[in-house]
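File shown: target_33.cif. Contents: mmCIF, C-alpha atoms.
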data_final
loop_
_atom_site.label_atom_id
_atom_site.label_comp_id
_atom_site.auth_asym_id
_atom_site.auth_seq_id
_atom_site.Cartn_x
_atom_site.Cartn_y
_atom_site.Cartn_z
CA MET A 1 23.26 9.10 -3.72
CA LYS A 2 26.01 7.84 -5.98
CA SER A 3 24.75 7.49 -9.50
CA ASN A 4 27.21 4.78 -10.48
CA LEU A 5 25.74 2.18 -8.16
CA LEU A 6 24.85 -1.02 -9.92
CA PHE A 7 21.24 -1.91 -10.50
CA ASP A 8 20.19 -4.72 -12.73
CA PHE A 9 16.96 -6.54 -13.00
CA THR A 10 16.35 -9.56 -15.17
CA VAL A 11 13.49 -11.96 -15.52
CA ASP A 12 13.99 -15.44 -16.86
CA LYS A 13 10.54 -16.54 -17.85
CA ALA A 14 11.65 -20.05 -18.72
CA THR A 15 12.81 -20.71 -15.17
CA LYS A 16 10.23 -18.31 -13.68
CA THR A 17 13.01 -16.59 -11.81
CA VAL A 18 13.71 -12.92 -11.19
CA PHE A 19 17.28 -11.75 -10.56
CA ILE A 20 17.93 -8.40 -8.93
CA ASN A 21 21.34 -6.91 -8.13
CA ARG A 22 21.84 -3.61 -6.43
CA GLU A 23 24.74 -1.81 -4.74
CA PHE A 24 24.34 0.51 -1.78
CA ASP A 25 26.62 3.24 -0.54
CA ALA A 26 26.72 1.87 3.00
CA ASP A 27 28.57 -0.80 4.93
CA LEU A 28 27.43 -4.38 5.14
CA SER A 29 26.03 -4.34 8.69
CA LEU A 30 23.85 -1.35 7.98
CA VAL A 31 22.44 -2.83 4.77
CA TRP A 32 21.90 -6.15 6.52
CA ASP A 33 19.97 -4.35 9.27
CA ALA A 34 17.89 -2.50 6.69
CA PHE A 35 16.75 -5.83 5.29
CA THR A 36 16.31 -7.68 8.55
CA LYS A 37 15.05 -5.17 11.11
CA GLN A 38 11.38 -4.36 11.10
CA GLU A 39 11.72 -0.68 12.03
CA ILE A 40 14.07 0.03 9.09
CA LEU A 41 12.36 -2.31 6.66
CA ASP A 42 9.02 -0.58 7.06
CA GLN A 43 10.62 2.72 6.08
CA TRP A 44 11.49 1.64 2.55
CA TRP A 45 9.91 -1.69 1.58
CA ALA A 46 6.69 -0.29 0.13
CA PRO A 47 7.06 1.89 -2.97
CA LYS A 48 5.39 5.21 -2.17
CA PRO A 49 2.51 6.07 -1.94
CA TRP A 50 2.07 2.61 -0.46
CA ALA A 51 3.19 1.92 3.11
CA SER A 52 4.66 -1.18 4.67
CA LYS A 53 3.17 -2.24 8.00
CA THR A 54 4.82 -5.14 9.79
CA LYS A 55 2.65 -6.79 12.39
CA ILE A 56 4.97 -9.63 13.38
CA MET A 57 8.65 -10.11 12.63
CA ASP A 58 10.68 -12.84 14.21
CA PHE A 59 13.94 -12.96 12.31
CA LYS A 60 15.21 -16.48 12.99
CA VAL A 61 15.06 -19.76 11.09
CA GLY A 62 11.46 -20.96 11.27
CA GLY A 63 10.34 -17.49 12.34
CA ARG A 64 8.14 -15.27 10.20
CA ARG A 65 7.28 -11.80 9.12
CA PHE A 66 3.62 -10.96 8.73
CA TYR A 67 3.14 -7.62 7.07
CA ALA A 68 0.82 -5.57 4.90
CA MET A 69 1.29 -3.28 1.96
CA VAL A 70 -1.15 -0.49 2.70
CA SER A 71 -2.57 1.54 -0.19
CA PRO A 72 -3.14 5.30 0.09
CA GLU A 73 -6.84 4.48 0.52
CA GLY A 74 -6.00 2.22 3.45
CA LEU A 75 -6.45 -1.07 1.63
CA GLU A 76 -4.26 -3.79 3.17
CA HIS A 77 -2.58 -6.57 1.21
CA TRP A 78 -1.09 -9.05 3.64
CA SER A 79 1.91 -11.28 3.08
CA LEU A 80 3.61 -13.91 5.12
CA GLN A 81 7.32 -14.69 4.96
CA LYS A 82 8.79 -17.73 6.61
CA TYR A 83 12.56 -17.69 7.16
CA THR A 84 14.10 -20.95 6.02
CA SER A 85 17.81 -20.15 6.35
CA ILE A 86 19.94 -17.37 7.88
CA SER A 87 23.72 -16.85 7.69
CA PRO A 88 24.27 -13.51 9.43
CA LYS A 89 25.48 -10.70 7.16
CA THR A 90 25.85 -13.10 4.25
CA ASN A 91 22.59 -14.67 3.23
CA PHE A 92 19.02 -15.34 4.20
CA LYS A 93 16.21 -17.20 2.51
CA TYR A 94 12.49 -17.20 2.95
CA LEU A 95 9.28 -18.49 1.51
CA ASN A 96 6.91 -15.67 0.67
CA ALA A 97 3.15 -16.08 0.30
CA PHE A 98 0.18 -13.76 0.09
CA ALA A 99 -2.09 -14.10 3.08
CA ASP A 100 -5.40 -12.97 4.49
CA LYS A 101 -5.63 -10.64 7.47
CA ASP A 102 -5.53 -13.62 9.81
CA ALA A 103 -2.17 -14.78 8.46
CA ASN A 104 -3.52 -17.73 6.50
CA PRO A 105 -1.11 -18.17 3.57
CA GLU A 106 -2.31 -18.41 0.01
CA LEU A 107 -0.13 -21.01 -1.66
CA PRO A 108 1.86 -21.42 -3.85
CA GLY A 109 4.34 -18.80 -2.81
CA SER A 110 7.76 -17.74 -4.03
CA ASP A 111 11.24 -18.63 -2.82
CA TRP A 112 13.51 -15.70 -2.01
CA ASP A 113 17.28 -15.90 -1.70
CA LEU A 114 19.19 -12.77 -0.65
CA ASN A 115 22.97 -12.48 -0.73
CA PHE A 116 25.02 -9.69 0.82
CA SER A 117 28.66 -8.74 0.23
CA GLU A 118 30.79 -5.68 0.81
CA GLU A 119 33.67 -4.24 -1.17
CA ASN A 120 35.34 -0.88 -0.44
CA GLY A 121 32.42 0.37 1.62
CA THR A 122 29.87 -0.52 -1.04
CA THR A 123 27.47 -3.30 -0.24
CA LYS A 124 26.01 -5.45 -2.96
CA VAL A 125 22.70 -7.23 -2.52
CA SER A 126 21.75 -10.01 -4.92
CA ILE A 127 18.19 -11.26 -4.82
CA THR A 128 16.78 -14.30 -6.55
CA ILE A 129 13.03 -14.85 -6.57
CA TYR A 130 11.62 -18.08 -7.84
CA ASN A 131 7.90 -18.17 -8.57
CA GLU A 132 5.90 -21.27 -9.21
CA SER A 133 3.71 -19.41 -11.64
CA LEU A 134 3.98 -16.33 -13.80
CA ALA A 135 0.43 -15.39 -12.88
CA ARG A 136 1.58 -15.07 -9.32
CA MET A 137 4.33 -12.73 -10.38
CA GLU A 138 1.73 -10.50 -11.97
CA LYS A 139 -0.22 -10.46 -8.76
CA MET A 140 2.89 -9.45 -6.90
CA ILE A 141 3.02 -6.33 -9.05
CA GLU A 142 -0.61 -5.39 -8.64
CA MET A 143 -0.12 -5.37 -4.91
CA GLY A 144 2.94 -3.29 -4.70
CA PHE A 145 2.78 -0.54 -7.22
CA GLN A 146 0.79 2.38 -8.43
CA GLY A 147 2.01 5.32 -10.44
CA GLY A 148 1.96 7.25 -13.63
CA PHE A 149 3.53 4.56 -15.70
CA THR A 150 1.08 1.92 -14.57
CA MET A 151 -1.79 4.23 -15.26
CA THR A 152 -0.56 5.05 -18.75
CA LEU A 153 -0.09 1.40 -19.55
CA ASP A 154 -3.37 0.39 -17.98
CA TYR A 155 -5.12 2.97 -20.08
CA LEU A 156 -3.34 1.64 -23.12
CA GLU A 157 -4.20 -1.92 -22.21
CA ASP A 158 -7.92 -1.04 -21.98
CA LEU A 159 -7.68 0.79 -25.23
CA LEU A 160 -6.02 -2.16 -26.92
CA THR A 161 -8.64 -4.54 -25.61
CA THR A 162 -11.37 -2.31 -26.97
CA LEU A 163 -9.61 -1.96 -30.31
CA SER A 164 -8.93 -5.65 -30.76
CA GLN A 165 -12.59 -6.43 -30.01
CA ARG A 166 -13.57 -4.09 -32.79
CA GLN A 167 -11.45 -5.89 -35.34
CA MET B 1 22.03 2.83 -49.96
CA GLN B 2 20.28 3.14 -46.64
CA PRO B 3 18.49 6.40 -45.90
CA ILE B 4 20.18 8.36 -43.12
CA GLY B 5 19.05 7.22 -39.70
CA PHE B 6 18.00 3.81 -40.88
CA ALA B 7 21.37 2.15 -40.64
CA ASN B 8 21.05 -1.56 -40.05
CA GLU B 9 22.92 -1.69 -36.78
CA ASN B 10 20.77 1.08 -35.37
CA LEU B 11 17.70 -0.85 -36.40
CA ASN B 12 18.91 -4.00 -34.72
CA ASN B 13 19.71 -2.19 -31.50
CA MET B 14 16.30 -0.65 -31.35
CA ARG B 15 14.55 -3.92 -32.00
CA ARG B 16 16.29 -5.44 -29.09
CA ASP B 17 15.31 -2.58 -26.86
CA ILE B 18 11.57 -2.52 -27.08
CA PHE B 19 11.19 -1.71 -23.40
CA GLN B 20 13.31 1.37 -23.79
CA ALA B 21 11.03 2.44 -26.62
CA ILE B 22 7.99 2.57 -24.39
CA ALA B 23 9.89 3.92 -21.41
CA ASP B 24 9.82 7.41 -22.92
CA PRO B 25 6.78 9.54 -21.97
CA THR B 26 6.48 11.22 -25.37
CA ARG B 27 6.56 7.88 -27.15
CA ARG B 28 3.91 6.52 -24.81
CA ALA B 29 1.78 9.56 -25.56
CA ILE B 30 2.26 9.01 -29.31
CA ILE B 31 1.22 5.39 -28.92
CA VAL B 32 -1.94 6.35 -27.08
CA LEU B 33 -2.71 8.99 -29.69
CA ILE B 34 -2.34 6.81 -32.78
CA ALA B 35 -4.08 3.90 -31.10
CA LEU B 36 -7.31 5.76 -31.80
CA GLN B 37 -6.68 6.52 -35.45
CA ALA B 38 -3.90 6.58 -38.04
CA MET B 39 -2.27 10.00 -38.14
CA THR B 40 0.24 11.94 -40.20
CA PRO B 41 3.46 13.08 -38.51
CA ASN B 42 2.24 16.69 -38.65
CA ALA B 43 -1.06 15.86 -37.00
CA ILE B 44 0.80 13.96 -34.29
CA ALA B 45 3.24 16.83 -33.75
CA ASP B 46 0.33 19.24 -33.26
CA ASN B 47 -0.36 17.47 -29.98
CA PHE B 48 3.07 18.14 -28.53
CA HIS B 49 5.06 21.16 -27.52
CA THR B 50 8.22 19.70 -29.00
CA THR B 51 9.62 20.18 -32.47
CA ARG B 52 8.46 18.19 -35.46
CA GLN B 53 11.98 16.79 -35.78
CA SER B 54 11.73 15.44 -32.27
CA VAL B 55 8.36 13.82 -33.00
CA SER B 56 9.69 12.23 -36.17
CA LYS B 57 12.66 10.89 -34.22
CA HIS B 58 10.26 9.24 -31.78
CA LEU B 59 8.20 7.88 -34.68
CA ARG B 60 11.33 6.44 -36.24
CA ILE B 61 12.23 4.63 -33.01
CA LEU B 62 8.71 3.27 -32.68
CA THR B 63 8.81 2.13 -36.30
CA GLU B 64 12.16 0.43 -35.82
CA CYS B 65 10.72 -1.41 -32.85
CA GLU B 66 7.78 -2.40 -35.06
CA LEU B 67 5.37 -0.85 -32.61
CA VAL B 68 3.93 1.38 -35.29
CA LYS B 69 3.47 0.93 -39.02
CA GLN B 70 3.47 3.47 -41.85
CA GLU B 71 1.02 3.62 -44.70
CA GLN B 72 1.21 5.86 -47.72
CA GLN B 73 -2.10 7.51 -48.64
CA GLY B 74 -1.69 9.88 -51.54
CA ARG B 75 1.05 12.29 -50.64
CA GLU B 76 0.79 11.69 -46.90
CA ILE B 77 2.25 9.01 -44.68
CA TYR B 78 -0.05 7.79 -41.94
CA TYR B 79 1.21 6.15 -38.77
CA SER B 80 -0.86 3.60 -36.92
CA LEU B 81 -0.33 1.21 -34.05
CA GLU B 82 0.73 -2.41 -34.42
CA ILE B 83 -1.79 -3.71 -31.95
CA GLU B 84 -0.55 -7.28 -31.87
CA LYS B 85 2.99 -6.13 -31.26
CA MET B 86 1.91 -3.93 -28.40
CA LYS B 87 0.14 -6.80 -26.76
CA GLU B 88 3.35 -8.80 -26.85
CA ILE B 89 4.97 -6.34 -24.53
CA ASP B 90 4.91 -7.65 -21.06
CA LYS B 91 3.81 -4.57 -19.29
CA TRP B 92 4.25 -6.16 -15.94
CA LEU B 93 7.95 -6.60 -16.48
CA ASN B 94 8.49 -2.88 -16.53
CA GLN B 95 6.22 -2.32 -13.61
CA PHE B 96 8.04 -4.92 -11.62
CA ARG B 97 11.38 -3.33 -12.34
CA LYS B 98 9.94 0.01 -11.35
CA ILE B 99 8.83 -1.32 -7.97
CA TRP B 100 12.37 -2.33 -7.18
CA GLU B 101 13.82 0.91 -8.45
CA THR B 102 11.50 2.93 -6.22
CA ARG B 103 12.02 0.65 -3.27
CA PHE B 104 15.81 0.84 -3.53
CA ASN B 105 15.82 4.61 -3.99
CA GLN B 106 13.87 4.81 -0.76
CA LEU B 107 16.40 2.53 0.90
CA ASP B 108 19.26 4.78 -0.29
CA LYS B 109 17.62 7.67 1.55
CA VAL B 110 17.04 5.62 4.70
CA LEU B 111 20.66 4.43 4.70
CA SER B 112 22.03 7.92 4.27
CA THR B 113 19.83 9.21 7.10
CA ILE B 114 21.03 6.49 9.45
CA LYS B 115 24.66 7.14 8.49
CA LYS B 116 24.26 10.83 9.30
CA GLN B 117 22.69 10.05 12.68
CA LYS B 118 25.61 7.80 13.57
CA LYS B 119 28.21 10.51 12.91
#
Take the structure from the file and write it as structure tokens.
Amino acid sequence: MKSNLLFDFTVDKATKTVFINREFDADLSLVWDAFTKQEILDQWWAPKPWASKTKIMDFKVGGRRFYAMVSPEGLEHWSLQKYTSISPKTNFKYLNAFADKDANPELPGSDWDLNFSEENGTTKVSITIYNESLARMEKMIEMGFQGGFTMTLDYLEDLLTTLSQRQ
Amino acid sequence: MQPIGFANENLNNMRRDIFQAIADPTRRAIIVLIALQAMTPNAIADNFHTTRQSVSKHLRILTECELVKQEQQGREIYYSLEIEKMKEIDKWLNQFRKIWETRFNQLDKVLSTIKKQKK
């Protein structure tokens, strides 16, 4: 992996928008496939030790992806994505919402906008995520991530709660 | 005269970079340690396998970020946690960034595997 590949991540709380830019050492069609084909998507979408399990994926405008983030203990967190716009190898947009196991969405959701471009064999992906609420953004994290850092901070958080109650 | 290591521009940089301050495992460990009780730099250093100089460097960064405060008691300086300041840190922001980092690193591997298969 090239170490000079761009990665930036910014959150604008005022507009409740997350901006993510990342470059990949691969051509545009491959990166596009990695984001739009179920069999590739499931290989990387869930941060380990979580797994991504796509039940339905119909990549066309009006189509949807119904998938779960599966925890190491086998706990499933379902989400539903509805594709609202697709310009092949350039851009696609979808509305993302948490869902129950029967694909009933839990609104409000978030609006995702993904842009793809290639320069000299490097493909840049720019993602914009607009959330209606910050609380929802927090939930998004709970569902997708576990690791040392979270545990340290969770421990700290508990500790701080205990300490501030004492004061 | 500013004491060495407390130059103003350094201080300003650190203040801006509060997330970097807690991104370091040793600094997180120090935070957890002094959250329980105020401690002297020597007492803190006893908990780590690094040098005292390294611990005092971490303490300086934490102080510059206003995450910890110093208090003089007799001849000793005690460090304790600025609880309110810690609470201000949006822990989720870092976690969220981390998700994407992990996710994209996984994608890098998948892409390179596919590229190799194609050749």
As a VMD selection string, could you give me every residue of chain B near chain A (at most 7 Å apart, counting only C-alpha atoms)? chain B and resid 32 83 92 95 to 97 99 102 to 103 106 to 108 111
If I wrap all listed atoms of stretch 64-77 of chain B in a box with edges along x, y and z and add 4 Å on each side, what are its centre and edge lengths in Å to one decimal, as lines of an AutoDock Vina configuration file?
center_x = 5.0
center_y = 4.9
center_z = -42.1
size_x = 22.3
size_y = 22.7
size_z = 26.9
I'd like the neighbourhood of A:Thr90 as a tab-separated table (two decimals) with C-alpha atoms, in the frame of the given file, where a residue qualifies if any of its atoms comes within 8 Å (using all atoms listed in the file), though same-chain residues fewer than 5 positions away should be ignored.
chain	number	residue	atom	x	y	z
A	115	ASN	CA	22.97	-12.48	-0.73
A	116	PHE	CA	25.02	-9.69	0.82
A	117	SER	CA	28.66	-8.74	0.23
For a test of reading the model, state the distance in Å between atom CA of A:Ala99 and atom CA of A:Ile56, rounded to one decimal. 13.3 Å
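Going from atom CA of A:Thr15 over to atom CA of A:Val61, you cover 26.4 Å.
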Would you translate the PyMOL selection byres ((chain A and resi 106) around 12) into the concrete set of residues it matches in this file, as a ChimeraX atom specification? /A:77-81,95-105,107-110,136
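The residue that comes closest to B:Val110, out of A:Asp42, A:Ser29, A:Val70, A:Pro88 and on the basis of all atoms listed in the file, is A:Asp42.
For the atom pair formed by atom CA of B:Lys115 and atom CA of A:Trp32, the distance is 13.7 Å, given to one decimal.
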Report as a list in words the residues that result from applying the PyMOL selection byres ((chain B and resi 80) around 10) to the structure here. Ile30, Ile31, Leu33, Ile34, Ala35, Leu36, Gln37, Ala38, Met39, Thr40, Thr63, Leu67, Val68, Lys69, Gln70, Glu71, Ile77, Tyr78, Tyr79, Leu81, Glu82 and Ile83 of chain B
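In this comparison, which uses all atoms listed in the file, the residue of B:Lys116, B:Arg27, B:Lys109, B:Arg75 approaching B:Lys57 most closely is B:Arg27.
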Starting from the sparse input, extend stretch 78-110 of chain A to N, CA and C atoms and give the output as an mmCIF file, in the frame of the given file.
data_model
loop_
_atom_site.group_PDB
_atom_site.id
_atom_site.type_symbol
_atom_site.label_atom_id
_atom_site.label_comp_id
_atom_site.auth_asym_id
_atom_site.auth_seq_id
_atom_site.Cartn_x
_atom_site.Cartn_y
_atom_site.Cartn_z
ATOM 1 N N TRP A 78 -1.968 -8.368 2.694
ATOM 2 C CA TRP A 78 -1.090 -9.050 3.640
ATOM 3 C C TRP A 78 -0.207 -10.097 2.977
ATOM 4 N N SER A 79 0.984 -10.245 3.520
ATOM 5 C CA SER A 79 1.910 -11.280 3.080
ATOM 6 C C SER A 79 2.560 -11.929 4.278
ATOM 7 N N LEU A 80 2.983 -13.158 4.047
ATOM 8 C CA LEU A 80 3.610 -13.910 5.120
ATOM 9 C C LEU A 80 4.951 -14.430 4.601
ATOM 10 N N GLN A 81 6.009 -14.180 5.353
ATOM 11 C CA GLN A 81 7.320 -14.690 4.960
ATOM 12 C C GLN A 81 7.812 -15.617 6.054
ATOM 13 N N LYS A 82 8.270 -16.790 5.625
ATOM 14 C CA LYS A 82 8.790 -17.730 6.610
ATOM 15 C C LYS A 82 10.275 -17.929 6.345
ATOM 16 N N TYR A 83 11.108 -17.593 7.341
ATOM 17 C CA TYR A 83 12.560 -17.690 7.160
ATOM 18 C C TYR A 83 13.007 -19.144 7.183
ATOM 19 N N THR A 84 13.692 -19.545 6.115
ATOM 20 C CA THR A 84 14.100 -20.950 6.020
ATOM 21 C C THR A 84 15.599 -21.124 6.279
ATOM 22 N N SER A 85 16.367 -20.041 6.150
ATOM 23 C CA SER A 85 17.810 -20.150 6.350
ATOM 24 C C SER A 85 18.388 -18.757 6.616
ATOM 25 N N ILE A 86 19.305 -18.663 7.580
ATOM 26 C CA ILE A 86 19.940 -17.370 7.880
ATOM 27 C C ILE A 86 21.428 -17.577 8.153
ATOM 28 N N SER A 87 22.286 -16.922 7.376
ATOM 29 C CA SER A 87 23.720 -16.850 7.690
ATOM 30 C C SER A 87 24.015 -15.372 7.885
ATOM 31 N N PRO A 88 24.181 -14.942 9.143
ATOM 32 C CA PRO A 88 24.270 -13.510 9.430
ATOM 33 C C PRO A 88 25.223 -12.739 8.509
ATOM 34 N N LYS A 89 24.747 -11.618 8.024
ATOM 35 C CA LYS A 89 25.480 -10.700 7.160
ATOM 36 C C LYS A 89 26.004 -11.319 5.867
ATOM 37 N N THR A 90 25.426 -12.450 5.484
ATOM 38 C CA THR A 90 25.850 -13.100 4.250
ATOM 39 C C THR A 90 24.654 -13.467 3.389
ATOM 40 N N ASN A 91 23.707 -14.139 4.005
ATOM 41 C CA ASN A 91 22.590 -14.670 3.230
ATOM 42 C C ASN A 91 21.392 -14.963 4.117
ATOM 43 N N PHE A 92 20.211 -14.748 3.579
ATOM 44 C CA PHE A 92 19.020 -15.340 4.200
ATOM 45 C C PHE A 92 18.011 -15.706 3.115
ATOM 46 N N LYS A 93 17.188 -16.689 3.459
ATOM 47 C CA LYS A 93 16.210 -17.200 2.510
ATOM 48 C C LYS A 93 14.842 -17.245 3.187
ATOM 49 N N TYR A 94 13.828 -17.019 2.396
ATOM 50 C CA TYR A 94 12.490 -17.200 2.950
ATOM 51 C C TYR A 94 11.488 -17.613 1.882
ATOM 52 N N LEU A 95 10.391 -18.134 2.378
ATOM 53 C CA LEU A 95 9.280 -18.490 1.510
ATOM 54 C C LEU A 95 8.243 -17.395 1.702
ATOM 55 N N ASN A 96 7.842 -16.785 0.608
ATOM 56 C CA ASN A 96 6.910 -15.670 0.670
ATOM 57 C C ASN A 96 5.553 -16.093 0.103
ATOM 58 N N ALA A 97 4.494 -15.760 0.805
ATOM 59 C CA ALA A 97 3.150 -16.080 0.300
ATOM 60 C C ALA A 97 2.194 -14.945 0.628
ATOM 61 N N PHE A 98 1.225 -14.722 -0.239
ATOM 62 C CA PHE A 98 0.180 -13.760 0.090
ATOM 63 C C PHE A 98 -0.665 -14.403 1.193
ATOM 64 N N ALA A 99 -1.329 -13.565 1.952
ATOM 65 C CA ALA A 99 -2.090 -14.100 3.080
ATOM 66 C C ALA A 99 -3.349 -13.268 3.298
ATOM 67 N N ASP A 100 -4.259 -13.795 4.103
ATOM 68 C CA ASP A 100 -5.400 -12.970 4.490
ATOM 69 C C ASP A 100 -5.039 -12.235 5.780
ATOM 70 N N LYS A 101 -5.966 -11.464 6.295
ATOM 71 C CA LYS A 101 -5.630 -10.640 7.470
ATOM 72 C C LYS A 101 -5.400 -11.464 8.737
ATOM 73 N N ASP A 102 -5.767 -12.750 8.671
ATOM 74 C CA ASP A 102 -5.530 -13.620 9.810
ATOM 75 C C ASP A 102 -4.293 -14.492 9.645
ATOM 76 N N ALA A 103 -3.439 -14.093 8.700
ATOM 77 C CA ALA A 103 -2.170 -14.780 8.460
ATOM 78 C C ALA A 103 -2.313 -16.194 7.904
ATOM 79 N N ASN A 104 -3.405 -16.448 7.192
ATOM 80 C CA ASN A 104 -3.520 -17.730 6.500
ATOM 81 C C ASN A 104 -2.875 -17.588 5.127
ATOM 82 N N PRO A 105 -1.800 -18.338 4.848
ATOM 83 C CA PRO A 105 -1.110 -18.170 3.570
ATOM 84 C C PRO A 105 -1.918 -18.675 2.383
ATOM 85 N N GLU A 106 -1.660 -18.046 1.259
ATOM 86 C CA GLU A 106 -2.310 -18.410 0.010
ATOM 87 C C GLU A 106 -1.228 -19.026 -0.874
ATOM 88 N N LEU A 107 -1.214 -20.343 -0.937
ATOM 89 C CA LEU A 107 -0.130 -21.010 -1.660
ATOM 90 C C LEU A 107 -0.511 -21.228 -3.133
ATOM 91 N N PRO A 108 0.410 -21.367 -4.071
ATOM 92 C CA PRO A 108 1.860 -21.420 -3.850
ATOM 93 C C PRO A 108 2.458 -20.042 -3.597
ATOM 94 N N GLY A 109 3.631 -20.052 -3.062
ATOM 95 C CA GLY A 109 4.340 -18.800 -2.810
ATOM 96 C C GLY A 109 5.560 -18.684 -3.693
ATOM 97 N N SER A 110 6.514 -17.870 -3.281
ATOM 98 C CA SER A 110 7.760 -17.740 -4.030
ATOM 99 C C SER A 110 8.933 -17.930 -3.070
#
